[in-house]
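One structure is given below, encoded as structure tokens.
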Amino acid sequence: MKRSLWAWLRILGGLVILAVLVWHLGSRAFLDGLRRIDAGTLSAALGIGLLTTVFSAWRWCLVARALGLRLPLGRAVADYYRALFLNAALPGGVLGDVHRAVRHGRSARDLGRGVRAVVLERTAGQLVLGMAGAAVLLVRPSPVLAPAGRFLGAPGALIAAAVAGGLAIGVAWWSRGASRGARAVRTALTEARRALFARGSWPGVALSSLVVLAGYLGMFLLAARVAGVGAPPSELVPLAVLALLAMALPLNVGGWGPREGVAAWAFGAAGLGATQGLATAVVYGVLAFAASLPGAGVLVVRWAAGLRGGRPQVELEEGVLAEQAAPQRRT
């Protein structure tokens with residue numbers, strides 16, 4: 001009951017943000033940029049989406065293999081596309097990731113580890129985005145980012161963050177055997193170290209995350225140009241980072257809501273106009289959805305293959321459709 005209520009509150013929060021934006025800026029801000037989207041823009045979005053999806057799937061493979069799970073790249077790309085489409089098409093913005101985590105965990109006969117692999121994979125992307133955001137705040141002066149940049153750059157803030165991290169690790173280490181929760185924390189920290197920071201995994205995880213972040217920023221710059229924003233990339237990148245960080249907030253409808261609100265505020269504070277910021281975020285949302293459309297094709301192909309095979313569970317592995325029956329149906 002509590003989970004269902006929280007899910008509805010998340011959706012309601014995103015709807016409220018969008019309603020407030022329409023009330024203050026009008027519906028024209030939502031429509032101006034959309035009229036300028038053409039076939040060339042959609043093709044560029046599909047190309048950027050292919051790049052970010054392949055590298056995201058590679059990052060997922062690296063994390064899964066570090067945890068001892070088998071995950072071929074071809075299957076990971078298909079599953080990632082499907083998850084992106086479900087994230088964009090369904091409320092909440094995370095149901096696709098939940099689906100790929102559970103499906104991979106069941107196919108690997110280890111549901112818990114499959115879910116943790118997806119959580120760590122997404123965490124890696126957020127860590128790189130956060131570090132890139134902090135670097136932008138520290139390096140690039142902006143009327144919007146200056147207060148946050150001063151806070152992140154303050155020695156006290158950095159020391160406090162380091163102390164908090166050290167305390168968390170210390171508590172988890174010294175509370176060995178104290179409780180099931182402590183063991184779960186130790187297991188999570190061990191798996192995070194192995195999947196994200198081990199010598200054999202962190203270079204690939206970092207590289208893939210940087211490429212994915214570059215793709216997202218490129219998509220935002222493309223959306224800004226389509227929306228008619230004439231500011232240089234050096235001025236737009238900090239605003240794009242803020243909008244991307246806002247997408248991690250758990251108040252959205254298929255990814256919509258906080259991104260548009262933060263973009264409108266940031267563009268307005270930077271002197272570019274809140275309407276331009278909202279238009280850019282709206283175009284970005286449409287282009288991101290277009291980039292996820294191959295995931296709908298994955299769903300249709302697997303559904304059709306399931307009908308032909310007479311079984312509901314069909315996996316795409318290394319580009320070849322192969323049926324995989326549930327264990328209880330093999331007997």
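Scheme for the structure tokens: letters A, B, ... for chains in order shown; per-chain residue numbers from 1; ligand numbers from 1 in order shown.
By chain and then residue number, the residues within 6 Å of Ala279 in chain A are Ala29, Phe30, Gly33 and Ala227 of chain A, counting only C-alpha atoms and disregarding those fewer than 5 positions away in sequence.
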Range 282-299 of chain A environment, 10 Å, only C-alpha atoms, sequence neighbours closer than 3 positions dropped, as a VMD selection string
chain A and resid 29 to 37 41 to 50 52 to 53 77 to 89 216 219 to 227 254 to 257 259 to 260 263 276 to 279 302 to 305 316
Tell me, in Å to one decimal, how far CA of Leu210 in chain A is from CA of Gly133 in chain A.
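That distance, rounded to one decimal, is 12.1 Å.
Contact shell of Val98 in chain A at 9 Å (only C-alpha atoms; same-chain neighbours under 3 positions omitted): Ala83, Val94, Leu95, Ala101, Val102, Arg103, Val115 and Val118 of chain A.
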